[in-house]
>>> print(open('run.pdb').read())   # PDB, C-alpha atoms
ATOM      1  CA  MET A   1      91.454  91.798 118.673
ATOM      2  CA  LYS A   2      90.213  92.349 122.192
ATOM      3  CA  ASN A   3      88.628  95.786 122.417
ATOM      4  CA  ILE A   4      86.445  96.854 119.510
ATOM      5  CA  LEU A   5      84.587 100.019 118.539
ATOM      6  CA  VAL A   6      81.684  99.638 116.109
ATOM      7  CA  ILE A   7      80.802 102.958 114.479
ATOM      8  CA  GLY A   8      77.255 102.898 113.136
ATOM      9  CA  ALA A   9      76.314 100.211 115.649
ATOM     10  CA  THR A  10      72.576 100.847 115.430
ATOM     11  CA  GLY A  11      72.401 100.579 111.634
ATOM     12  CA  GLN A  12      71.282  97.762 109.351
ATOM     13  CA  ILE A  13      74.512  95.773 109.682
ATOM     14  CA  GLY A  14      75.939  97.319 112.828
ATOM     15  CA  SER A  15      73.116  96.306 115.140
ATOM     16  CA  GLU A  16      73.629  92.629 114.340
ATOM     17  CA  LEU A  17      77.411  92.742 113.992
ATOM     18  CA  THR A  18      77.800  94.381 117.397
ATOM     19  CA  MET A  19      75.901  91.543 119.039
ATOM     20  CA  LYS A  20      77.943  88.959 117.115
ATOM     21  CA  LEU A  21      81.203  90.572 118.217
ATOM     22  CA  ARG A  22      80.035  90.695 121.837
ATOM     23  CA  GLU A  23      79.753  86.909 121.768
ATOM     24  CA  LEU A  24      83.451  86.708 120.873
ATOM     25  CA  TYR A  25      85.372  89.601 122.454
ATOM     26  CA  PRO A  26      85.574  91.105 125.960
ATOM     27  CA  THR A  27      84.832  94.749 125.096
ATOM     28  CA  VAL A  28      82.706  95.869 122.151
ATOM     29  CA  VAL A  29      81.611  99.509 122.242
ATOM     30  CA  ALA A  30      78.482 100.418 120.296
ATOM     31  CA  GLY A  31      79.148 103.805 118.694
ATOM     32  CA  TYR A  32      75.967 105.663 117.733
ATOM     33  CA  ILE A  33      74.598 109.086 116.859
ATOM     34  CA  PRO A  34      71.992 110.732 119.135
ATOM     35  CA  ALA A  35      69.285 110.395 116.479
ATOM     36  CA  ALA A  36      69.642 106.603 116.546
ATOM     37  CA  PRO A  37      70.449 105.394 120.074
ATOM     38  CA  PRO A  38      70.795 101.694 120.895
ATOM     39  CA  LYS A  39      67.730  99.986 122.333
ATOM     40  CA  GLY A  40      66.849  96.740 124.051
ATOM     41  CA  VAL A  41      69.507  94.053 124.184
ATOM     42  CA  LEU A  42      71.948  96.150 122.136
ATOM     43  CA  ALA A  43      71.872  98.846 124.823
ATOM     44  CA  GLU A  44      71.896  96.385 127.714
ATOM     45  CA  SER A  45      74.576  93.929 126.593
ATOM     46  CA  GLY A  46      77.621  96.178 126.541
ATOM     47  CA  PRO A  47      78.997  99.727 126.574
ATOM     48  CA  SER A  48      77.628 102.383 124.239
ATOM     49  CA  GLU A  49      79.021 105.800 123.380
ATOM     50  CA  ILE A  50      77.982 108.687 121.152
ATOM     51  CA  VAL A  51      80.421 108.551 118.228
ATOM     52  CA  ASP A  52      79.744 110.686 115.166
ATOM     53  CA  ILE A  53      82.050 109.584 112.358
ATOM     54  CA  THR A  54      82.422 113.185 111.227
ATOM     55  CA  ASP A  55      83.959 114.083 114.621
ATOM     56  CA  ALA A  56      87.552 112.778 114.643
ATOM     57  CA  LYS A  57      88.207 114.140 118.122
ATOM     58  CA  ARG A  58      85.330 112.153 119.590
ATOM     59  CA  ILE A  59      86.411 108.963 117.822
ATOM     60  CA  ALA A  60      89.890 109.361 119.322
ATOM     61  CA  GLU A  61      88.472 109.958 122.808
ATOM     62  CA  VAL A  62      86.499 106.711 122.767
ATOM     63  CA  VAL A  63      89.417 104.758 121.266
ATOM     64  CA  LYS A  64      91.683 105.911 124.083
ATOM     65  CA  GLN A  65      89.076 105.485 126.838
ATOM     66  CA  TYR A  66      88.407 101.830 125.974
ATOM     67  CA  HIS A  67      91.904 100.942 124.686
ATOM     68  CA  ILE A  68      90.397 100.035 121.313
ATOM     69  CA  ASP A  69      92.529  97.900 119.002
ATOM     70  CA  ALA A  70      90.056  97.423 116.131
ATOM     71  CA  ILE A  71      87.450  99.732 114.600
ATOM     72  CA  TYR A  72      84.542  98.429 112.529
ATOM     73  CA  ASN A  73      83.401 101.422 110.493
ATOM     74  CA  LEU A  74      79.819 100.868 109.298
ATOM     75  CA  ALA A  75      78.675 104.480 108.979
ATOM     76  CA  ALA A  76      77.279 105.178 105.481
ATOM     77  CA  LEU A  77      74.198 106.188 103.531
ATOM     78  CA  LEU A  78      72.858 103.261 101.514
ATOM     79  CA  SER A  79      72.687 103.402  97.725
ATOM     80  CA  PHE A  80      69.181 104.737  97.104
ATOM     81  CA  VAL A  81      69.364 107.275  99.941
ATOM     82  CA  ALA A  82      72.840 108.409  98.845
ATOM     83  CA  GLU A  83      71.464 109.389  95.430
ATOM     84  CA  GLN A  84      69.015 111.713  97.172
ATOM     85  CA  LYS A  85      71.735 113.229  99.386
ATOM     86  CA  PRO A  86      75.062 112.912  97.509
ATOM     87  CA  GLN A  87      76.899 115.621  99.452
ATOM     88  CA  LEU A  88      76.039 114.008 102.772
ATOM     89  CA  ALA A  89      76.953 110.582 101.394
ATOM     90  CA  TRP A  90      80.449 111.868 100.511
ATOM     91  CA  HIS A  91      80.827 113.650 103.855
ATOM     92  CA  ILE A  92      80.020 110.498 105.812
ATOM     93  CA  GLY A  93      81.495 107.906 103.459
ATOM     94  CA  LEU A  94      84.854 109.516 102.674
ATOM     95  CA  GLY A  95      85.275 112.295 105.224
ATOM     96  CA  GLY A  96      84.260 109.897 107.963
ATOM     97  CA  LEU A  97      86.553 107.135 106.738
ATOM     98  CA  PHE A  98      89.465 109.575 106.648
ATOM     99  CA  ASN A  99      88.770 110.427 110.306
ATOM    100  CA  VAL A 100      88.713 106.740 111.254
ATOM    101  CA  LEU A 101      91.955 105.983 109.416
ATOM    102  CA  GLU A 102      93.741 108.920 110.998
ATOM    103  CA  VAL A 103      92.650 107.860 114.476
ATOM    104  CA  ALA A 104      93.702 104.298 113.674
ATOM    105  CA  ARG A 105      97.109 105.493 112.462
ATOM    106  CA  GLU A 106      97.685 107.473 115.637
ATOM    107  CA  ASN A 107      96.457 104.713 117.980
ATOM    108  CA  ALA A 108      97.640 101.513 116.228
ATOM    109  CA  CYS A 109      94.122 100.188 115.495
ATOM    110  CA  ALA A 110      93.028  97.768 112.804
ATOM    111  CA  VAL A 111      90.147  98.992 110.617
ATOM    112  CA  PHE A 112      87.308  97.148 108.878
ATOM    113  CA  THR A 113      85.232  99.188 106.412
ATOM    114  CA  PRO A 114      82.796  97.364 104.129
ATOM    115  CA  SER A 115      82.687  98.081 100.425
ATOM    116  CA  SER A 116      79.921  96.877  98.114
ATOM    117  CA  ILE A 117      78.925  95.491  94.737
ATOM    118  CA  GLY A 118      77.997  99.140  94.189
ATOM    119  CA  ALA A 119      81.716  99.812  93.681
ATOM    120  CA  PHE A 120      81.348  98.369  90.192
ATOM    121  CA  GLY A 121      79.570  99.921  87.205
ATOM    122  CA  ASP A 122      78.288  99.423  83.680
ATOM    123  CA  ASP A 123      81.780  98.768  82.275
ATOM    124  CA  THR A 124      82.517  95.966  84.737
ATOM    125  CA  PRO A 125      82.076  92.350  83.544
ATOM    126  CA  LYS A 126      78.590  91.389  84.709
ATOM    127  CA  ASP A 127      78.962  87.671  85.335
ATOM    128  CA  LYS A 128      81.501  86.283  87.799
ATOM    129  CA  THR A 129      82.927  89.779  88.196
ATOM    130  CA  PRO A 130      86.681  89.377  88.840
ATOM    131  CA  GLN A 131      88.387  90.469  92.040
ATOM    132  CA  ASP A 132      90.550  92.930  90.100
ATOM    133  CA  THR A 133      88.647  94.665  87.309
ATOM    134  CA  ILE A 134      87.477  98.061  86.100
ATOM    135  CA  GLN A 135      85.493 100.038  88.700
ATOM    136  CA  ARG A 136      83.624 103.021  87.251
ATOM    137  CA  PRO A 137      80.374 103.364  89.255
ATOM    138  CA  LYS A 138      77.825 106.022  88.335
ATOM    139  CA  THR A 139      76.299 106.510  91.791
ATOM    140  CA  MET A 140      77.642 108.545  94.689
ATOM    141  CA  TYR A 141      77.398 105.434  96.854
ATOM    142  CA  GLY A 142      79.628 103.567  94.416
ATOM    143  CA  VAL A 143      82.070 106.452  94.094
ATOM    144  CA  THR A 144      82.539 106.596  97.861
ATOM    145  CA  LYS A 145      83.083 102.829  98.002
ATOM    146  CA  VAL A 146      85.779 102.833  95.290
ATOM    147  CA  ALA A 147      87.512 105.811  96.860
ATOM    148  CA  GLY A 148      87.259 104.118 100.260
ATOM    149  CA  GLU A 149      88.923 100.968  98.957
ATOM    150  CA  LEU A 150      91.804 103.026  97.569
ATOM    151  CA  LEU A 151      92.116 105.065 100.748
ATOM    152  CA  GLY A 152      92.231 101.917 102.869
ATOM    153  CA  ASP A 153      94.984 100.449 100.706
ATOM    154  CA  TYR A 154      96.891 103.729 100.862
ATOM    155  CA  TYR A 155      96.859 103.792 104.669
ATOM    156  CA  PHE A 156      98.080 100.201 104.743
ATOM    157  CA  ARG A 157     100.942 100.791 102.323
ATOM    158  CA  ARG A 158     101.913 104.266 103.544
ATOM    159  CA  PHE A 159     101.370 104.008 107.296
ATOM    160  CA  GLY A 160     101.022 100.288 108.044
ATOM    161  CA  VAL A 161      97.405 100.572 109.260
ATOM    162  CA  ASP A 162      95.873  97.078 109.206
ATOM    163  CA  THR A 163      92.933  97.839 106.903
ATOM    164  CA  ARG A 164      90.613  95.096 105.648
ATOM    165  CA  SER A 165      87.344  95.065 103.726
ATOM    166  CA  VAL A 166      84.788  92.963 101.869
ATOM    167  CA  ARG A 167      82.527  93.943  98.988
ATOM    168  CA  PHE A 168      79.128  93.104 100.378
ATOM    169  CA  PRO A 169      76.396  91.912  98.061
ATOM    170  CA  GLY A 170      72.801  92.672  98.981
ATOM    171  CA  LEU A 171      72.218  91.590 102.588
ATOM    172  CA  ILE A 172      69.070  89.829 103.762
ATOM    173  CA  SER A 173      68.291  89.967 107.479
ATOM    174  CA  ASN A 174      65.623  88.445 109.690
ATOM    175  CA  VAL A 175      66.358  91.049 112.389
ATOM    176  CA  THR A 176      66.717  94.505 110.877
ATOM    177  CA  LEU A 177      64.250  96.092 108.461
ATOM    178  CA  PRO A 178      65.267  97.560 105.081
ATOM    179  CA  GLY A 179      67.134 100.854 105.250
ATOM    180  CA  GLY A 180      67.180 102.361 101.755
ATOM    181  CA  GLY A 181      69.307  99.991  99.713
ATOM    182  CA  THR A 182      68.708  98.887  96.131
ATOM    183  CA  THR A 183      68.695  95.218  97.149
ATOM    184  CA  ASP A 184      66.266  95.746 100.035
ATOM    185  CA  TYR A 185      63.393  94.295  98.014
ATOM    186  CA  ALA A 186      64.901  90.892  98.833
ATOM    187  CA  VAL A 187      64.358  91.609 102.527
ATOM    188  CA  ASP A 188      60.975  93.240 102.149
ATOM    189  CA  ILE A 189      59.588  90.334 100.164
ATOM    190  CA  TYR A 190      59.916  87.899 103.077
ATOM    191  CA  TYR A 191      58.206  90.212 105.554
ATOM    192  CA  SER A 192      55.398  90.852 103.051
ATOM    193  CA  ALA A 193      55.052  87.145 102.275
ATOM    194  CA  VAL A 194      54.611  86.209 105.928
ATOM    195  CA  LYS A 195      52.433  89.163 106.928
ATOM    196  CA  ASP A 196      50.330  89.744 103.776
ATOM    197  CA  GLY A 197      50.902  86.818 101.420
ATOM    198  CA  LYS A 198      51.780  89.160  98.556
ATOM    199  CA  PHE A 199      54.463  91.601  97.430
ATOM    200  CA  VAL A 200      54.835  94.416  94.910
ATOM    201  CA  CYS A 201      58.372  94.219  93.524
ATOM    202  CA  PRO A 202      60.190  97.444  92.521
ATOM    203  CA  ILE A 203      62.840  95.568  90.472
ATOM    204  CA  LYS A 204      62.217  94.090  87.006
ATOM    205  CA  GLN A 205      61.934  90.387  86.346
ATOM    206  CA  GLY A 206      65.258  88.995  85.140
ATOM    207  CA  THR A 207      67.408  91.483  87.110
ATOM    208  CA  TYR A 208      70.112  89.421  88.765
ATOM    209  CA  MET A 209      72.028  90.682  91.792
ATOM    210  CA  ASP A 210      74.364  89.001  94.249
ATOM    211  CA  MET A 211      72.796  88.461  97.675
ATOM    212  CA  MET A 212      73.852  87.065 101.039
ATOM    213  CA  TYR A 213      72.080  86.032 104.228
ATOM    214  CA  MET A 214      73.137  88.166 107.173
ATOM    215  CA  PRO A 215      74.568  85.294 109.287
ATOM    216  CA  ASP A 216      77.077  84.614 106.493
ATOM    217  CA  ALA A 217      77.889  88.319 106.184
ATOM    218  CA  LEU A 218      78.587  88.685 109.911
ATOM    219  CA  ARG A 219      80.807  85.634 109.854
ATOM    220  CA  ALA A 220      82.744  87.073 106.901
ATOM    221  CA  CYS A 221      83.499  90.253 108.876
ATOM    222  CA  VAL A 222      84.895  88.301 111.795
ATOM    223  CA  GLU A 223      86.804  85.731 109.764
ATOM    224  CA  LEU A 224      88.543  88.341 107.618
ATOM    225  CA  MET A 225      89.645  90.389 110.635
ATOM    226  CA  GLU A 226      90.964  87.227 112.302
ATOM    227  CA  ALA A 227      92.759  86.023 109.154
ATOM    228  CA  ASP A 228      96.545  85.643 109.025
ATOM    229  CA  PRO A 229      97.755  88.970 107.571
ATOM    230  CA  SER A 230     100.693  87.283 105.840
ATOM    231  CA  LYS A 231      98.238  85.450 103.554
ATOM    232  CA  LEU A 232      96.285  88.539 102.499
ATOM    233  CA  ILE A 233      97.192  89.709  99.022
ATOM    234  CA  HIS A 234      94.008  91.749  98.588
ATOM    235  CA  ARG A 235      92.928  93.845 101.544
ATOM    236  CA  ASN A 236      90.545  96.506 100.261
ATOM    237  CA  SER A 237      88.385  94.934  99.139
ATOM    238  CA  PHE A 238      87.541  91.225  98.790
ATOM    239  CA  ASN A 239      84.694  89.978  96.622
ATOM    240  CA  ILE A 240      82.522  87.642  98.691
ATOM    241  CA  ALA A 241      79.567  85.739  97.255
ATOM    242  CA  SER A 242      76.821  83.404  98.334
ATOM    243  CA  MET A 243      73.925  83.414  95.846
ATOM    244  CA  SER A 244      72.744  85.333  92.787
ATOM    245  CA  PHE A 245      69.100  85.554  91.777
ATOM    246  CA  ALA A 246      66.427  87.670  90.090
ATOM    247  CA  PRO A 247      63.097  88.635  91.730
ATOM    248  CA  GLU A 248      61.195  85.725  90.179
ATOM    249  CA  HIS A 249      63.629  83.240  91.712
ATOM    250  CA  ILE A 250      63.172  84.485  95.262
ATOM    251  CA  ALA A 251      59.400  84.498  94.683
ATOM    252  CA  ALA A 252      59.576  80.869  93.530
ATOM    253  CA  ALA A 253      61.609  79.902  96.611
ATOM    254  CA  ILE A 254      58.977  81.509  98.840
ATOM    255  CA  LYS A 255      56.116  79.763  96.999
ATOM    256  CA  LYS A 256      57.689  76.399  97.851
ATOM    257  CA  ILE A 257      56.949  77.248 101.487
ATOM    258  CA  ILE A 258      53.934  79.550 101.092
ATOM    259  CA  PRO A 259      52.127  78.239  97.977
ATOM    260  CA  SER A 260      49.539  81.034  98.023
ATOM    261  CA  PHE A 261      52.174  83.781  97.815
ATOM    262  CA  GLU A 262      51.698  86.248  94.945
ATOM    263  CA  MET A 263      54.099  88.834  93.506
ATOM    264  CA  THR A 264      53.396  91.706  91.101
ATOM    265  CA  TYR A 265      55.689  94.406  89.727
ATOM    266  CA  ASP A 266      55.736  98.203  90.015
ATOM    267  CA  ILE A 267      59.209  99.232  88.859
ATOM    268  CA  ASP A 268      61.093 101.988  90.682
ATOM    269  CA  SER A 269      63.148 103.586  87.891
ATOM    270  CA  VAL A 270      65.890 104.888  90.175
ATOM    271  CA  ARG A 271      66.430 101.578  91.951
ATOM    272  CA  GLN A 272      66.214  99.713  88.645
ATOM    273  CA  ALA A 273      68.905 101.887  87.055
ATOM    274  CA  ILE A 274      71.197 101.304  90.023
ATOM    275  CA  ALA A 275      70.563  97.551  89.946
ATOM    276  CA  GLU A 276      71.328  97.336  86.236
ATOM    277  CA  SER A 277      74.698  99.024  86.766
ATOM    278  CA  TRP A 278      75.780  96.354  89.245
ATOM    279  CA  PRO A 279      77.193  92.861  88.596
ATOM    280  CA  ASN A 280      74.976  89.812  88.226
ATOM    281  CA  SER A 281      77.415  87.720  90.257
ATOM    282  CA  LEU A 282      80.872  87.990  91.839
ATOM    283  CA  ASP A 283      83.929  85.746  91.616
ATOM    284  CA  ASP A 284      85.081  85.291  95.222
ATOM    285  CA  THR A 285      88.021  82.963  94.516
ATOM    286  CA  CYS A 286      90.530  85.291  96.178
ATOM    287  CA  ALA A 287      88.576  85.400  99.443
ATOM    288  CA  ARG A 288      88.290  81.618  99.422
ATOM    289  CA  GLU A 289      92.009  81.148  98.775
ATOM    290  CA  GLU A 290      93.435  83.913 100.986
ATOM    291  CA  TRP A 291      91.329  83.514 104.137
ATOM    292  CA  GLY A 292      89.091  80.511 103.640
ATOM    293  CA  TRP A 293      85.776  82.205 102.883
ATOM    294  CA  LYS A 294      82.850  79.843 102.313
ATOM    295  CA  PRO A 295      79.119  80.677 102.607
ATOM    296  CA  LYS A 296      76.747  78.363 104.458
ATOM    297  CA  PHE A 297      73.387  79.495 103.026
ATOM    298  CA  ASP A 298      71.873  79.266  99.549
ATOM    299  CA  LEU A 299      68.514  80.645  98.383
ATOM    300  CA  ASP A 300      66.417  77.687  99.547
ATOM    301  CA  SER A 301      68.036  77.278 102.965
ATOM    302  CA  MET A 302      67.890  81.036 103.562
ATOM    303  CA  SER A 303      64.209  81.145 102.570
ATOM    304  CA  GLN A 304      63.344  78.313 104.943
ATOM    305  CA  ASP A 305      65.171  80.000 107.828
ATOM    306  CA  MET A 306      63.783  83.475 107.129
ATOM    307  CA  ILE A 307      60.174  82.332 106.891
ATOM    308  CA  ALA A 308      60.389  80.103 109.966
ATOM    309  CA  ILE A 309      61.762  82.975 112.059
ATOM    310  CA  LEU A 310      59.305  85.557 110.743
ATOM    311  CA  ARG A 311      56.342  83.235 111.163
ATOM    312  CA  GLU A 312      57.247  82.752 114.791
ATOM    313  CA  ARG A 313      57.688  86.482 115.258
ATOM    314  CA  TYR A 314      54.352  87.350 113.695
ATOM    315  CA  ALA A 315      52.579  84.240 115.033
ATOM    316  CA  LYS A 316      51.506  82.903 111.647
TER
END
>>> encode(input="run.pdb", output="structure tokens")
Amino acid sequence: MKNILVIGATGQIGSELTMKLRELYPTVVAGYIPAAPPKGVLAESGPSEIVDITDAKRIAEVVKQYHIDAIYNLAALLSFVAEQKPQLAWHIGLGGLFNVLEVARENACAVFTPSSIGAFGDDTPKDKTPQDTIQRPKTMYGVTKVAGELLGDYYFRRFGVDTRSVRFPGLISNVTLPGGGTTDYAVDIYYSAVKDGKFVCPIKQGTYMDMMYMPDALRACVELMEADPSKLIHRNSFNIASMSFAPEHIAAAIKKIIPSFEMTYDIDSVRQAIAESWPNSLDDTCAREEWGWKPKFDLDSMSQDMIAILRERYAK
């Protein structure tokens, strides 16, 4: 890859991934919608273009203008928001992906589109969820992710488009604020711990979910797209894992650093129902064997890094 277009470059993942890619490649175009323009270093560090994923013509124009050879498609509504706006979630998640794949087919581009643990459902094995298993999600977010995985595989088999994907767990960032995901409590809790010393958790005690620190997630995106294609048996989409914990475990990790931290519960029934339909943990053996995936952070090392960075930011 040399010239990359990131669609959704100002979103929760895109804003950080764009900067990561700009450290590695000569041209990385930040594609954004007018309602969410790039700001600060994201706007200043490289080219930006208005790219609405629902506008295939515009995607093609930017691909041709910058001689793009890889598209990172990050446009989506997150799980909780998608349940409030299911029609829009489908329009962006599947209609938009179709546009990207068609442009990629016509212009010989590789495509990365993240899937999610939300692609699984109640019938999926909960612990060490296998790479290949039943996927019957009950949320629109999950439905779009399963359909997206299948569509990516179809374009690879039928047209030879180099499609690749990972199933992201919940992502925890020290840069971007929560954006409407079920796992966002695990981001919010650190900000609340540093700023207020307390947190009201919307997820029940004992609810396990797979999580990952954003630096590991960004590295996974890059490493998969750089992987030898001859070694990839699974393309859309790889389980990747780092850590699995329940709310009380992240609270305990924070209390090791901030002993006065307190957490109470006020359960959000919608988020809780979504969380309970997802796996407790993923088996990422295939990613480890096929392209060498290996996380660097666990719960304690992530907590230490998050709190150190946020303390410096908020001068506490």
>>> closest_residue(input="run.pdb", among="A:Val51, A:Ala82, A:Ala35, A:Val194", to="Gly96 (chain A)", atoms="all atoms listed in the file")
A:Val51
>>> resolve_selection(input="run.pdb", expression="the PyMOL selection byres ((chain A and resi 94) around 9)", output="list of chain:residue names")
A:Ala89, A:Trp90, A:His91, A:Ile92, A:Gly93, A:Gly95, A:Gly96, A:Leu97, A:Phe98, A:Asn99, A:Thr144, A:Lys145, A:Ala147, A:Gly148, A:Leu151
>>> closest_residue(input="run.pdb", among="A:Glu223, A:Met209, A:Met243, A:Ala70", to="Gly292 (chain A)", atoms="all atoms listed in the file")
A:Glu223
>>> atom_distance(input="run.pdb", atom1="CA of Val111 (chain A)", atom2="CA of Lys2 (chain A)")
13.3 Å
>>> closest_residue(input="run.pdb", among="A:Glu276, A:Gln12, A:Met140, A:Ala104", to="Gln87 (chain A)", atoms="all atoms listed in the file")
A:Met140
>>> resolve_selection(input="run.pdb", expression="the PyMOL selection byres ((chain A and resi 112) around 7)", output="list in words")
Ile71, Tyr72, Asn73, Ala110, Val111, Thr113, Pro114, Thr163, Arg164 and Ser165 of chain A
>>> resolve_selection(input="run.pdb", expression="the PyMOL selection byres ((chain A and resi 295) around 7)", output="list in words")
Asp216, Ser242, Trp293, Lys294, Lys296 and Phe297 of chain A
>>> atom_distance(input="run.pdb", atom1="CA of Pro202 (chain A)", atom2="CA of Tyr190 (chain A)")
14.2 Å
>>> axis_aligned_box(input="run.pdb", around="region 4-11 of chain A", padding_each_side="3 Å", output="AutoDock Vina command-line options")
--center_x 79.4 --center_y 99.9 --center_z 115.6 --size_x 20.0 --size_y 12.1 --size_z 13.9
>>> atom_distance(input="run.pdb", atom1="CA of Pro169 (chain A)", atom2="CA of Tyr208 (chain A)")
11.5 Å
>>> closest_residue(input="run.pdb", among="A:Phe168, A:Trp291, A:Trp278, A:Phe238", to="Thr124 (chain A)", atoms="all atoms listed in the file")
A:Trp278
>>> residues_around(input="run.pdb", residues="Asp162 (chain A)", least_positions_apart="4", cutoff="10 Å", atoms="all atoms listed in the file", output="list in words")
Ala70, Leu101, Ala104, Arg105, Ala108, Cys109, Ala110, Val111, Phe112, Gly152, Asp153, Tyr155, Phe156, Arg157, Met225, Pro229 and Arg235 of chain A
>>> write_last_selection(input="run.pdb", atoms="C-alpha atoms", output="short mmCIF file (atom, residue, chain, number, x, y, z; two decimals), in the frame of the given file")
data_model
loop_
_atom_site.label_atom_id
_atom_site.label_comp_id
_atom_site.auth_asym_id
_atom_site.auth_seq_id
_atom_site.Cartn_x
_atom_site.Cartn_y
_atom_site.Cartn_z
CA ALA A 70 90.06 97.42 116.13
CA LEU A 101 91.96 105.98 109.42
CA ALA A 104 93.70 104.30 113.67
CA ARG A 105 97.11 105.49 112.46
CA ALA A 108 97.64 101.51 116.23
CA CYS A 109 94.12 100.19 115.50
CA ALA A 110 93.03 97.77 112.80
CA VAL A 111 90.15 98.99 110.62
CA PHE A 112 87.31 97.15 108.88
CA GLY A 152 92.23 101.92 102.87
CA ASP A 153 94.98 100.45 100.71
CA TYR A 155 96.86 103.79 104.67
CA PHE A 156 98.08 100.20 104.74
CA ARG A 157 100.94 100.79 102.32
CA MET A 225 89.64 90.39 110.64
CA PRO A 229 97.76 88.97 107.57
CA ARG A 235 92.93 93.84 101.54
#
>>> residues_near_point(input="run.pdb", point="(65.9, 84.0, 93.5)", cutoff="10 Å", atoms="all atoms listed in the file", output="PyMOL selection string")
chain A and resi 186+206-211+243-254+298-300+303
>>> closest_residue(input="run.pdb", among="A:Ala193, A:Ile117, A:Ile309, A:Leu74", to="Ala275 (chain A)", atoms="all atoms listed in the file")
A:Ile117
>>> closest_residue(input="run.pdb", among="A:Thr129, A:Gln135, A:Thr54, A:Asn236", to="Leu150 (chain A)", atoms="all atoms listed in the file")
A:Asn236
>>> residues_around(input="run.pdb", residues="Arg313 (chain A)", least_positions_apart="2", cutoff="12 Å", atoms="all atoms listed in the file", output="PyMOL selection string")
chain A and resi 174-175+191+194-195+306-311+315-316
>>> residues_around(input="run.pdb", residues="Pro47 (chain A)", least_positions_apart="6", cutoff="8 Å", atoms="all atoms listed in the file", output="ChimeraX atom specification")
/A:27-30
